[in-house]
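A.B. asks: Contents of protein32.txt (compact mmCIF, C-alpha atoms and all ligand atoms) are given next:
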```txt
# COMPACT_ATOMS: atom_id res chain seq x y z
CA MET A 799 -15.76 -181.67 -112.88
CA GLU A 800 -15.58 -178.42 -114.76
CA LYS A 801 -15.66 -175.47 -112.46
CA ILE A 802 -18.65 -173.55 -113.74
CA LYS A 803 -20.85 -176.64 -113.62
CA GLN A 804 -20.37 -176.78 -109.84
CA THR A 805 -22.50 -173.66 -109.50
CA GLY A 806 -25.60 -175.61 -110.53
CA LEU A 807 -26.55 -172.74 -112.84
CA SER A 808 -28.03 -173.57 -116.25
CA LYS A 809 -26.18 -172.74 -119.46
CA GLU A 810 -28.60 -169.85 -120.07
CA GLU A 811 -27.98 -168.47 -116.59
CA VAL A 812 -24.21 -168.68 -117.02
CA LEU A 813 -24.41 -166.90 -120.38
CA GLU A 814 -26.62 -164.22 -118.79
CA ALA A 815 -24.00 -163.86 -116.05
CA TYR A 816 -21.26 -163.37 -118.63
CA LYS A 817 -23.37 -160.86 -120.54
CA MET A 818 -24.06 -158.99 -117.31
CA ALA A 819 -20.36 -158.76 -116.43
CA LEU A 820 -19.60 -157.52 -119.94
CA ARG A 821 -22.51 -155.05 -119.70
CA GLY A 822 -20.89 -153.68 -116.55
CA ARG A 823 -17.59 -153.19 -118.38
CA ARG A 824 -19.04 -151.66 -121.56
CA LEU A 825 -21.45 -149.38 -119.73
CA ASP A 826 -18.66 -148.16 -117.47
CA GLU A 827 -16.52 -147.41 -120.52
CA ARG A 828 -19.41 -145.31 -121.81
CA LEU A 829 -19.63 -143.45 -118.48
CA TRP A 830 -15.92 -142.60 -118.73
CA GLN A 831 -16.39 -141.30 -122.29
CA LEU A 832 -19.28 -139.09 -121.17
CA THR A 833 -17.18 -137.67 -118.35
CA ARG A 834 -14.24 -137.03 -120.64
CA ILE A 835 -16.30 -135.11 -123.20
CA GLY A 836 -17.92 -133.02 -120.48
CA LYS A 837 -21.44 -134.43 -120.74
CA THR A 838 -21.35 -135.80 -117.18
CA SER A 839 -19.46 -134.57 -114.14
CA PHE A 840 -17.98 -137.66 -112.50
CA ASN A 841 -17.46 -141.41 -112.67
CA ILE A 842 -16.23 -143.97 -110.15
CA SER A 843 -15.66 -147.30 -111.66
CA GLY A 844 -16.02 -151.00 -110.84
CA GLN A 845 -13.83 -152.24 -113.66
CA GLY A 846 -12.06 -155.35 -112.39
CA ALA A 847 -14.91 -156.30 -110.03
CA GLU A 848 -17.65 -157.11 -112.55
CA VAL A 849 -17.42 -160.91 -112.42
CA ALA A 850 -17.37 -160.91 -108.61
CA GLN A 851 -20.35 -158.56 -108.44
CA VAL A 852 -22.45 -160.69 -110.78
CA ALA A 853 -21.58 -163.83 -108.79
CA MET A 854 -22.47 -162.06 -105.54
CA ALA A 855 -25.81 -160.64 -106.67
CA LEU A 856 -26.92 -163.86 -108.39
CA ALA A 857 -26.77 -165.73 -105.08
CA PHE A 858 -29.65 -163.65 -103.65
CA ASP A 859 -33.38 -163.70 -104.27
CA ARG A 860 -33.66 -160.42 -106.11
CA THR A 861 -37.45 -160.49 -105.86
CA LYS A 862 -37.41 -159.97 -102.09
CA ASP A 863 -33.90 -159.45 -100.67
CA TYR A 864 -32.52 -155.99 -99.83
CA PHE A 865 -29.26 -154.51 -101.09
CA LEU A 866 -27.29 -151.60 -99.65
CA PRO A 867 -24.53 -151.09 -102.24
CA TYR A 868 -21.60 -148.71 -102.37
CA TYR A 869 -20.46 -146.52 -105.26
CA ARG A 870 -18.38 -149.19 -107.07
CA ASP A 871 -21.29 -151.65 -107.37
CA MET A 872 -22.73 -150.76 -110.76
CA THR A 873 -22.55 -154.31 -112.09
CA ALA A 874 -24.12 -155.62 -108.89
CA VAL A 875 -27.08 -153.22 -109.09
CA LEU A 876 -27.53 -154.10 -112.78
CA THR A 877 -27.67 -157.76 -111.80
CA TRP A 878 -30.14 -156.84 -109.05
CA GLY A 879 -32.52 -155.35 -111.63
CA MET A 880 -31.50 -151.81 -112.54
CA THR A 881 -30.98 -151.09 -116.24
CA SER A 882 -28.26 -149.38 -118.25
CA LYS A 883 -30.67 -146.50 -118.78
CA ASP A 884 -31.31 -146.22 -115.01
CA VAL A 885 -27.57 -145.86 -114.46
CA LEU A 886 -27.21 -143.30 -117.25
CA LEU A 887 -30.13 -141.24 -115.91
CA GLY A 888 -28.17 -140.98 -112.66
CA SER A 889 -24.95 -139.96 -114.36
CA PHE A 890 -26.76 -137.28 -116.35
CA GLY A 891 -28.57 -136.18 -113.16
CA LYS A 892 -31.98 -136.33 -114.82
CA ALA A 893 -35.39 -135.85 -113.18
CA ASP A 894 -36.29 -139.50 -113.78
CA ASP A 895 -33.08 -140.89 -112.27
CA PRO A 896 -34.43 -143.71 -110.05
CA SER A 897 -31.54 -143.41 -107.58
CA SER A 898 -32.24 -139.85 -106.42
CA HIS A 899 -34.01 -137.86 -109.16
CA GLY A 900 -30.69 -136.16 -109.88
CA ARG A 901 -29.98 -135.17 -106.26
CA GLN A 902 -27.06 -137.52 -105.58
CA MET A 903 -23.65 -137.74 -107.19
CA PRO A 904 -23.36 -140.26 -110.07
CA ASN A 905 -22.82 -143.90 -108.99
CA HIS A 906 -24.87 -143.54 -105.80
CA TYR A 907 -27.33 -146.24 -106.74
CA GLY A 908 -30.79 -146.74 -105.32
CA SER A 909 -34.07 -148.22 -106.51
CA LYS A 910 -37.25 -148.42 -104.49
CA GLU A 911 -38.64 -150.87 -107.05
CA HIS A 912 -35.72 -153.27 -106.57
CA ARG A 913 -35.17 -152.77 -102.80
CA ILE A 914 -31.78 -151.14 -103.38
CA ILE A 915 -31.22 -148.58 -100.64
CA SER A 916 -29.50 -145.33 -101.55
CA HIS A 917 -26.26 -144.59 -99.71
CA SER A 918 -24.41 -141.58 -98.41
CA SER A 919 -21.05 -140.43 -99.79
CA VAL A 920 -19.75 -140.72 -96.22
CA VAL A 921 -18.17 -144.15 -96.58
CA SER A 922 -19.66 -147.19 -94.78
CA THR A 923 -22.67 -145.43 -93.31
CA GLN A 924 -24.67 -148.12 -95.14
CA TYR A 925 -23.26 -150.70 -92.69
CA PRO A 926 -25.19 -149.62 -89.56
CA LEU A 927 -28.22 -148.89 -91.78
CA SER A 928 -28.12 -152.45 -93.07
CA THR A 929 -28.43 -153.83 -89.55
CA GLY A 930 -31.72 -151.97 -89.19
CA VAL A 931 -32.98 -153.35 -92.49
CA ALA A 932 -31.96 -156.87 -91.45
CA TYR A 933 -33.43 -156.50 -87.95
CA GLY A 934 -36.65 -155.44 -89.67
CA ALA A 935 -36.90 -158.89 -91.24
CA ILE A 936 -36.89 -160.49 -87.78
CA LEU A 937 -39.31 -157.99 -86.24
CA SER A 938 -41.77 -158.24 -89.13
CA LYS A 939 -41.35 -162.03 -89.45
CA GLN A 940 -40.24 -161.88 -93.08
CA ASP A 941 -37.57 -164.10 -94.58
CA TYR A 942 -35.69 -161.61 -96.73
CA VAL A 943 -31.89 -161.44 -96.51
CA THR A 944 -29.94 -158.17 -96.58
CA LEU A 945 -26.71 -157.57 -98.49
CA VAL A 946 -24.37 -154.69 -97.68
CA THR A 947 -21.03 -153.83 -99.31
CA THR A 948 -18.12 -151.49 -98.75
CA GLY A 949 -14.43 -151.19 -99.62
CA GLU A 950 -11.53 -152.50 -97.52
CA GLY A 951 -10.39 -148.99 -96.57
CA SER A 952 -13.87 -147.92 -95.56
CA ALA A 953 -14.25 -151.13 -93.54
CA ASN A 954 -12.01 -149.55 -90.90
CA GLN A 955 -14.64 -146.96 -90.00
CA GLY A 956 -15.90 -147.29 -86.41
CA GLU A 957 -19.51 -147.86 -87.46
CA VAL A 958 -18.51 -150.98 -89.42
CA GLN A 959 -17.32 -152.58 -86.19
CA GLU A 960 -20.51 -151.46 -84.43
CA ALA A 961 -22.67 -152.87 -87.21
CA MET A 962 -20.91 -156.24 -87.22
CA ASN A 963 -21.06 -156.47 -83.44
CA PHE A 964 -24.79 -155.71 -83.38
CA ALA A 965 -25.42 -158.20 -86.19
CA GLY A 966 -23.59 -160.91 -84.25
CA VAL A 967 -25.50 -160.16 -81.06
CA LYS A 968 -28.89 -160.19 -82.81
CA ASN A 969 -27.99 -163.04 -85.21
CA LEU A 970 -29.19 -160.93 -88.14
CA PRO A 971 -29.97 -162.35 -91.61
CA LEU A 972 -27.28 -160.19 -93.15
CA VAL A 973 -24.36 -160.71 -95.55
CA PHE A 974 -21.54 -158.23 -94.98
CA VAL A 975 -19.18 -157.71 -97.91
CA ILE A 976 -15.79 -156.08 -98.15
CA GLU A 977 -14.69 -155.62 -101.76
CA ASN A 978 -10.94 -155.60 -101.29
CA ASN A 979 -9.18 -153.93 -104.23
CA LYS A 980 -6.10 -153.23 -102.10
CA TYR A 981 -6.36 -149.45 -102.39
CA ALA A 982 -8.30 -146.72 -100.66
CA ILE A 983 -7.79 -144.00 -103.24
CA SER A 984 -3.95 -143.90 -103.06
CA VAL A 985 -3.45 -145.70 -99.72
CA PRO A 986 -2.25 -149.32 -100.18
CA GLU A 987 -3.56 -152.19 -98.07
CA ASN A 988 -0.47 -152.46 -95.84
CA GLU A 989 -1.30 -149.03 -94.48
CA GLN A 990 -4.96 -149.86 -93.97
CA TYR A 991 -5.05 -152.91 -91.71
CA ALA A 992 -2.59 -155.03 -89.72
CA ILE A 993 -4.40 -158.39 -89.76
CA GLU A 994 -3.71 -160.95 -92.46
CA GLN A 995 -7.13 -160.84 -94.02
CA MET A 996 -10.18 -158.74 -93.33
CA ALA A 997 -12.36 -161.87 -93.36
CA ASP A 998 -10.94 -162.64 -89.89
CA ARG A 999 -13.09 -159.88 -88.47
CA GLY A 1000 -16.21 -162.06 -88.90
CA PRO A 1001 -15.23 -164.56 -86.17
CA ALA A 1002 -14.22 -161.59 -83.98
CA TYR A 1003 -17.90 -160.66 -83.89
CA GLY A 1004 -19.22 -164.20 -83.61
CA PHE A 1005 -19.94 -165.28 -87.19
CA PRO A 1006 -18.02 -166.81 -90.11
CA GLY A 1007 -15.71 -164.81 -92.35
CA TYR A 1008 -14.44 -165.95 -95.74
CA ARG A 1009 -11.99 -164.52 -98.22
CA VAL A 1010 -12.74 -165.40 -101.83
CA ASP A 1011 -10.97 -164.68 -105.13
CA GLY A 1012 -13.40 -162.49 -107.07
CA ARG A 1013 -11.91 -163.62 -110.37
CA ASP A 1014 -13.25 -167.08 -109.64
CA PHE A 1015 -16.92 -166.88 -110.63
CA ALA A 1016 -17.88 -170.33 -109.31
CA ALA A 1017 -16.11 -170.00 -105.96
CA THR A 1018 -17.54 -166.53 -105.37
CA TYR A 1019 -21.07 -167.59 -106.29
CA LEU A 1020 -20.94 -170.69 -104.07
CA THR A 1021 -19.55 -168.76 -101.09
CA PHE A 1022 -22.39 -166.27 -101.36
CA LYS A 1023 -24.97 -169.00 -101.94
CA GLN A 1024 -23.98 -170.60 -98.62
CA ALA A 1025 -24.07 -167.26 -96.77
CA VAL A 1026 -27.54 -166.46 -98.15
CA GLU A 1027 -28.83 -169.90 -97.25
CA ASP A 1028 -27.46 -169.57 -93.71
CA ALA A 1029 -29.01 -166.13 -93.28
CA ARG A 1030 -32.36 -167.36 -94.62
CA ASN A 1031 -32.22 -170.35 -92.24
CA LYS A 1032 -31.71 -168.12 -89.18
CA LYS A 1033 -28.05 -169.06 -88.79
CA GLY A 1034 -27.05 -165.41 -88.73
CA PRO A 1035 -24.61 -163.15 -90.59
CA THR A 1036 -21.52 -163.91 -92.68
CA LEU A 1037 -18.66 -161.61 -93.65
CA ILE A 1038 -17.27 -162.15 -97.14
CA GLU A 1039 -14.08 -160.43 -98.25
CA VAL A 1040 -14.00 -160.49 -102.03
CA MET A 1041 -10.59 -159.95 -103.60
CA VAL A 1042 -10.94 -157.79 -106.71
CA GLU A 1043 -8.82 -155.44 -108.78
CA ARG A 1044 -9.34 -151.76 -109.38
CA LEU A 1045 -8.36 -151.48 -113.04
CA THR A 1046 -9.01 -147.74 -113.22
CA SER A 1047 -8.00 -144.82 -111.08
CA HIS A 1048 -10.10 -144.32 -107.94
CA SER A 1049 -12.42 -142.00 -109.87
CA SER A 1050 -12.46 -139.62 -112.81
CA ASP A 1051 -10.73 -137.11 -110.50
CA ASP A 1052 -7.36 -138.81 -109.92
CA ASP A 1053 -4.55 -140.54 -111.83
CA GLN A 1054 -3.36 -143.83 -110.37
CA THR A 1055 -0.10 -143.83 -112.34
CA VAL A 1056 1.08 -141.29 -109.74
CA TYR A 1057 0.83 -143.81 -106.87
CA ARG A 1058 1.03 -147.28 -108.52
CA SER A 1059 3.99 -148.57 -110.49
CA LYS A 1060 3.81 -149.34 -114.19
CA GLU A 1061 4.70 -152.99 -113.46
CA GLU A 1062 1.88 -153.33 -110.94
CA LEU A 1063 -0.66 -151.87 -113.34
CA GLU A 1064 0.48 -154.11 -116.20
CA GLU A 1065 0.41 -157.23 -114.01
CA MET A 1066 -3.11 -156.40 -112.87
CA LYS A 1067 -4.41 -155.92 -116.41
CA LYS A 1068 -3.01 -159.33 -117.41
CA ASN A 1069 -5.24 -160.91 -114.76
CA ASP A 1070 -8.41 -159.04 -115.67
CA SER A 1071 -11.29 -161.06 -114.18
CA LEU A 1072 -13.45 -160.58 -117.25
CA ALA A 1073 -10.78 -162.14 -119.48
CA VAL A 1074 -10.28 -164.98 -116.97
CA PHE A 1075 -14.04 -165.68 -116.92
CA GLN A 1076 -14.31 -165.51 -120.70
CA GLU A 1077 -11.39 -167.89 -121.12
CA GLN A 1078 -12.98 -170.32 -118.68
CA LEU A 1079 -16.34 -170.20 -120.48
CA LEU A 1080 -14.68 -170.81 -123.84
CA LYS A 1081 -12.75 -173.74 -122.40
CA GLU A 1082 -15.77 -175.28 -120.70
CA GLY A 1083 -17.94 -174.96 -123.80
CA TYR A 1084 -20.36 -172.23 -122.71
CA LEU A 1085 -19.10 -169.62 -125.17
CA THR A 1086 -17.79 -169.42 -128.70
CA GLU A 1087 -16.02 -166.53 -130.40
CA GLU A 1088 -19.17 -165.97 -132.49
CA LYS A 1089 -21.34 -165.83 -129.39
CA ILE A 1090 -19.01 -163.28 -127.81
CA GLU A 1091 -19.29 -161.12 -130.92
CA GLU A 1092 -23.07 -161.41 -130.87
CA ILE A 1093 -23.26 -160.38 -127.19
CA GLU A 1094 -20.87 -157.46 -127.79
CA GLN A 1095 -23.11 -156.21 -130.60
CA GLU A 1096 -26.28 -156.51 -128.51
CA LEU A 1097 -24.66 -154.57 -125.67
CA LYS A 1098 -23.38 -151.89 -128.00
CA ASN A 1099 -26.89 -151.32 -129.35
CA GLU A 1100 -28.42 -151.37 -125.87
CA ILE A 1101 -25.93 -148.90 -124.42
CA ASN A 1102 -26.11 -146.54 -127.41
CA GLN A 1103 -29.88 -146.49 -127.19
CA ALA A 1104 -29.88 -146.06 -123.41
CA THR A 1105 -27.40 -143.17 -123.69
CA ASP A 1106 -29.50 -141.37 -126.30
CA GLU A 1107 -32.73 -141.90 -124.39
CA ALA A 1108 -31.30 -140.85 -121.02
CA GLU A 1109 -29.60 -137.77 -122.42
CA ALA A 1110 -32.86 -136.61 -124.04
CA MET A 1111 -34.78 -136.75 -120.73
CA PRO A 1112 -35.58 -133.53 -118.85
CA ASP A 1113 -33.41 -132.17 -116.04
CA PRO A 1114 -35.01 -131.63 -112.62
CA THR A 1115 -36.87 -128.32 -112.55
CA PRO A 1116 -35.81 -125.48 -110.23
CA GLU A 1117 -39.29 -125.63 -108.64
CA SER A 1118 -38.68 -129.25 -107.56
CA ILE A 1119 -35.55 -128.39 -105.58
CA SER A 1120 -37.02 -129.31 -102.19
CA GLU A 1121 -38.60 -132.56 -103.39
CA ASN A 1122 -36.90 -135.96 -102.97
CA VAL A 1123 -34.55 -134.65 -100.27
CA TRP A 1124 -34.74 -134.54 -96.49
CA ALA A 1125 -36.10 -131.07 -95.85
C1 LIG B 1201 -15.92 -140.93 -93.85
C2 LIG B 1201 -15.26 -140.65 -95.16
N1 LIG B 1201 -13.93 -140.45 -95.20
C3 LIG B 1201 -13.31 -140.21 -96.37
C4 LIG B 1201 -14.03 -140.16 -97.54
C5 LIG B 1201 -13.32 -139.94 -98.87
N2 LIG B 1201 -13.22 -141.20 -99.57
C6 LIG B 1201 -14.13 -141.56 -100.51
S1 LIG B 1201 -13.82 -143.08 -101.13
C7 LIG B 1201 -12.45 -143.27 -100.17
C8 LIG B 1201 -11.60 -144.51 -100.26
C9 LIG B 1201 -12.36 -145.74 -99.99
O1 LIG B 1201 -11.53 -146.85 -100.23
P1 LIG B 1201 -12.08 -148.30 -100.09
O2 LIG B 1201 -12.95 -148.41 -98.91
O3 LIG B 1201 -10.94 -149.22 -100.17
O4 LIG B 1201 -13.06 -148.45 -101.33
P2 LIG B 1201 -12.67 -148.41 -102.89
O5 LIG B 1201 -12.90 -146.99 -103.31
O6 LIG B 1201 -11.27 -148.84 -103.01
O7 LIG B 1201 -13.61 -149.33 -103.54
C10 LIG B 1201 -12.26 -142.15 -99.37
C11 LIG B 1201 -11.14 -141.99 -98.42
C12 LIG B 1201 -15.43 -140.36 -97.47
N3 LIG B 1201 -16.19 -140.34 -98.56
N4 LIG B 1201 -16.01 -140.61 -96.27
MG MG B 1202 -10.33 -150.27 -101.82
```
Output the structure of this file as structure tokens.
Ligand SMILES: Cc1ncc(C[n+]2csc(CCOP(=O)(O)OP(=O)(O)O)c2C)c(N)n1
Ligand SMILES: [Mg+2]
C.D. replies:
Amino acid sequence: MEKIKQTGLSKEEVLEAYKMALRGRRLDERLWQLTRIGKTSFNISGQGAEVAQVAMALAFDRTKDYFLPYYRDMTAVLTWGMTSKDVLLGSFGKADDPSSHGRQMPNHYGSKEHRIISHSSVVSTQYPLSTGVAYGAILSKQDYVTLVTTGEGSANQGEVQEAMNFAGVKNLPLVFVIENNKYAISVPENEQYAIEQMADRGPAYGFPGYRVDGRDFAATYLTFKQAVEDARNKKGPTLIEVMVERLTSHSSDDDQTVYRSKEELEEMKKNDSLAVFQEQLLKEGYLTEEKIEEIEQELKNEINQATDEAEAMPDPTPESISENVWA
């Protein structure tokens, strides 16, 4: 059977998934442009992880589940319900930015409306927080599932081990994710961890751990689907290590050509997950060249409009400085 069909998603849903992954790429390209021309201060980019993030988010019930993302998860939060304009409001630091009303750095996503919980720049602090959110489901007898993500470098923080241990002990309805792009800024994976795969840390805390290729939309979606179902059915947490690429530098403040070879960068770009997904959809009859063109045009219009609208919004006022912060 064709691969995409195995997901059980309808043709419309698969096309929406493709459009969402492409939205993530095109919007991120816009964010880079805005940084480069000095209209925004910073960008940290999920290029290379879009397909995996769509597959991950689609496996949840986005009308009731909770999500504690990290800074590279723009495409995941878009899939969860945030809009291109919401993201742009955050990058411009506008008063109406749903993530923090312009208090946080760009890419620190949050949305009360969509149950996306804002995170700290101190990496992985969302992990222990997520155990509280998940424990809340048990204490309040609700059946929501919690999703939390971090990078493979940040997964070596002490509180990540504490969070996973607590989740195992309490059998929490929680899906732990490590997005492994093989770099923590300039530090390569062989200097980050000594085990073969980070997924092995799940069983160390008493629950399953899987490694999945984030370029494989169907495999990623199905792995998450199972984890969500298990969490919802009181079978406890799962750790999923998603292998992705980091196509860009760590952020707009560094240059990865200084610490990665030209060959490595070229090899990575040849295996761009978005191209792999597009190729697969063309082959399996979901997409045509004309349809791709149509989607590209729709996204271009959407992102242009969102940029103009977000940029025209007011900045936070000096008088509001002590609002929307812990004071
Ligand atoms: C506790 C802490 N230490 C260091 C930093 C600086 N820092 C920000 S991102 C990052 C690398 C994270 O790498 P990884 O977890 O692999 O995530 P990626 O950025 O690759 O997605 C570091 C060291 C920080 N924000 N917080
Ligand atoms: Mg990393």
A.B. asks: Residues within 8 Å of ligand LIG 1201 (chain B), counting all atoms listed in the file: report them as a VMD selection string.
C.D. replies: chain A and resid 844 869 to 870 919 to 922 948 to 953 955 977 to 983 1044 1048
A.B. asks: For each of A:Lys968, A:Lys1032, A:Arg1013, A:Lys837, take the minimum atom-to-atom distance to Asp1070 in chain A, counting all atoms listed in the file, then give the residue where this is smallest.
C.D. replies: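 Smallest distance to Asp1070 in chain A is found for A:Arg1013.
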A.B. asks: Please list as a list in words every residue within 12 Å of Val958 in chain A, counting only C-alpha atoms and excluding residues in the same chain fewer than 5 positions away.
C.D. replies: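 Near neighbours after the sequence-gap exclusion: Val921, Ser922, Thr923, Gln924, Tyr925, Pro926, Leu927, Ser928, Thr929, Val946, Thr947, Thr948, Gly949, Glu950, Gly951, Ser952, Ala953, Asn963, Phe964, Ala965, Phe974, Val975, Ile976, Arg999, Gly1000, Tyr1003 and Leu1037 of chain A.
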A.B. asks: Just give me the gap between CA of Glu1061 in chain A and CA of Ala1073 in chain A in Å, one decimal is fine.
C.D. replies: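 These two atoms are separated by 19.0 Å.
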A.B. asks: Which residues, written as a ChimeraX atom specification, have at least one atom at most 10 Å from Leu813 in chain A, with only C-alpha atoms counted and residues fewer than 6 positions away on the same chain left out?
C.D. replies: /A:807,819,1079,1084-1085,1089-1090,1093
A.B. asks: Could you tell me which of A:Ser1071, A:Asn1122, A:Ser1059, A:Asn988 comes closest to ligand MG 1202 (chain B) if we count all atoms listed in the file?
C.D. replies: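 For ligand MG 1202 (chain B), the nearest of the given residues is A:Asn988.
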A.B. asks: Rank A:Glu1107, A:Glu1092, A:Glu1043, A:Asp1053 by their smallest atom-to-atom distance to ligand MG 1202 (chain B), using all atoms listed in the file, and report the top residue only.
C.D. replies: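 Of A:Glu1107, A:Glu1092, A:Glu1043, A:Asp1053, the one nearest ligand MG 1202 (chain B) is A:Glu1043, counting all atoms listed in the file.
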A.B. asks: So that I can see what lies close to Asp895 in chain A, please list as a ChimeraX atom specification the residues with an atom at most 12 Å from it, counting all atoms listed in the file and leaving out residues fewer than 3 positions away in the same chain.
C.D. replies: /A:880-892,898-910,1108-1109,1111-1114,1122
A.B. asks: Now that the selection is made, can you save its residues with C-alpha atoms as an mmCIF file, keeping the file's coordinate frame?
C.D. replies:
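Once written, part.cif looks like this:
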```cif
data_model
loop_
_atom_site.group_PDB
_atom_site.id
_atom_site.type_symbol
_atom_site.label_atom_id
_atom_site.label_comp_id
_atom_site.auth_asym_id
_atom_site.auth_seq_id
_atom_site.Cartn_x
_atom_site.Cartn_y
_atom_site.Cartn_z
ATOM 1 C CA MET A 880 -31.500 -151.810 -112.540
ATOM 2 C CA THR A 881 -30.980 -151.090 -116.240
ATOM 3 C CA SER A 882 -28.260 -149.380 -118.250
ATOM 4 C CA LYS A 883 -30.670 -146.500 -118.780
ATOM 5 C CA ASP A 884 -31.310 -146.220 -115.010
ATOM 6 C CA VAL A 885 -27.570 -145.860 -114.460
ATOM 7 C CA LEU A 886 -27.210 -143.300 -117.250
ATOM 8 C CA LEU A 887 -30.130 -141.240 -115.910
ATOM 9 C CA GLY A 888 -28.170 -140.980 -112.660
ATOM 10 C CA SER A 889 -24.950 -139.960 -114.360
ATOM 11 C CA PHE A 890 -26.760 -137.280 -116.350
ATOM 12 C CA GLY A 891 -28.570 -136.180 -113.160
ATOM 13 C CA LYS A 892 -31.980 -136.330 -114.820
ATOM 14 C CA SER A 898 -32.240 -139.850 -106.420
ATOM 15 C CA HIS A 899 -34.010 -137.860 -109.160
ATOM 16 C CA GLY A 900 -30.690 -136.160 -109.880
ATOM 17 C CA ARG A 901 -29.980 -135.170 -106.260
ATOM 18 C CA GLN A 902 -27.060 -137.520 -105.580
ATOM 19 C CA MET A 903 -23.650 -137.740 -107.190
ATOM 20 C CA PRO A 904 -23.360 -140.260 -110.070
ATOM 21 C CA ASN A 905 -22.820 -143.900 -108.990
ATOM 22 C CA HIS A 906 -24.870 -143.540 -105.800
ATOM 23 C CA TYR A 907 -27.330 -146.240 -106.740
ATOM 24 C CA GLY A 908 -30.790 -146.740 -105.320
ATOM 25 C CA SER A 909 -34.070 -148.220 -106.510
ATOM 26 C CA LYS A 910 -37.250 -148.420 -104.490
ATOM 27 C CA ALA A 1108 -31.300 -140.850 -121.020
ATOM 28 C CA GLU A 1109 -29.600 -137.770 -122.420
ATOM 29 C CA MET A 1111 -34.780 -136.750 -120.730
ATOM 30 C CA PRO A 1112 -35.580 -133.530 -118.850
ATOM 31 C CA ASP A 1113 -33.410 -132.170 -116.040
ATOM 32 C CA PRO A 1114 -35.010 -131.630 -112.620
ATOM 33 C CA ASN A 1122 -36.900 -135.960 -102.970
#
```
A.B. asks: What does the distance between CA of Asp941 in chain A and CA of Leu972 in chain A come to in Å, to one decimal place?
C.D. replies: 11.1 Å
A.B. asks: Could you check how far CA of Ser839 in chain A sits from CA of Ala855 in chain A, in Å to one decimal?
C.D. replies: 27.9 Å
A.B. asks: Kindly output range 1080-1084 of chain A as a tab-separated table (two decimals), keeping the file's coordinate frame, after building all heavy atoms.
C.D. replies:
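Saved result, result_16.tsv, follows:
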```tsv
chain	number	residue	atom	x	y	z
A	1080	LEU	N	-15.05	-170.26	-122.53
A	1080	LEU	CA	-14.68	-170.81	-123.84
A	1080	LEU	C	-14.20	-172.24	-123.67
A	1080	LEU	O	-14.61	-173.15	-124.38
A	1080	LEU	CB	-13.57	-169.96	-124.48
A	1080	LEU	CG	-14.00	-168.63	-125.12
A	1080	LEU	CD1	-12.79	-167.74	-125.39
A	1080	LEU	CD2	-14.80	-168.86	-126.40
A	1081	LYS	N	-13.34	-172.42	-122.65
A	1081	LYS	CA	-12.75	-173.74	-122.40
A	1081	LYS	C	-13.80	-174.77	-122.00
A	1081	LYS	O	-13.74	-175.93	-122.41
A	1081	LYS	CB	-11.68	-173.61	-121.31
A	1081	LYS	CG	-10.59	-174.66	-121.43
A	1081	LYS	CD	-9.43	-174.39	-120.49
A	1081	LYS	CE	-9.72	-175.00	-119.13
A	1081	LYS	NZ	-8.85	-174.53	-118.06
A	1082	GLU	N	-14.77	-174.33	-121.21
A	1082	GLU	CA	-15.77	-175.28	-120.70
A	1082	GLU	C	-17.00	-175.38	-121.61
A	1082	GLU	O	-17.99	-176.01	-121.25
A	1082	GLU	CB	-16.15	-174.92	-119.26
A	1082	GLU	CG	-14.96	-175.05	-118.31
A	1082	GLU	CD	-15.30	-174.87	-116.84
A	1082	GLU	OE1	-16.48	-175.01	-116.47
A	1082	GLU	OE2	-14.38	-174.58	-116.07
A	1083	GLY	N	-16.91	-174.75	-122.78
A	1083	GLY	CA	-17.94	-174.96	-123.80
A	1083	GLY	C	-19.21	-174.13	-123.66
A	1083	GLY	O	-20.22	-174.41	-124.31
A	1084	TYR	N	-19.18	-173.08	-122.83
A	1084	TYR	CA	-20.36	-172.23	-122.71
A	1084	TYR	C	-20.40	-171.16	-123.80
A	1084	TYR	O	-21.46	-170.70	-124.20
A	1084	TYR	CB	-20.38	-171.52	-121.34
A	1084	TYR	CG	-20.69	-172.44	-120.19
A	1084	TYR	CD1	-19.68	-173.16	-119.55
A	1084	TYR	CD2	-22.00	-172.59	-119.74
A	1084	TYR	CE1	-19.97	-174.00	-118.49
A	1084	TYR	CE2	-22.29	-173.42	-118.67
A	1084	TYR	CZ	-21.27	-174.13	-118.05
A	1084	TYR	OH	-21.56	-174.96	-117.00
```
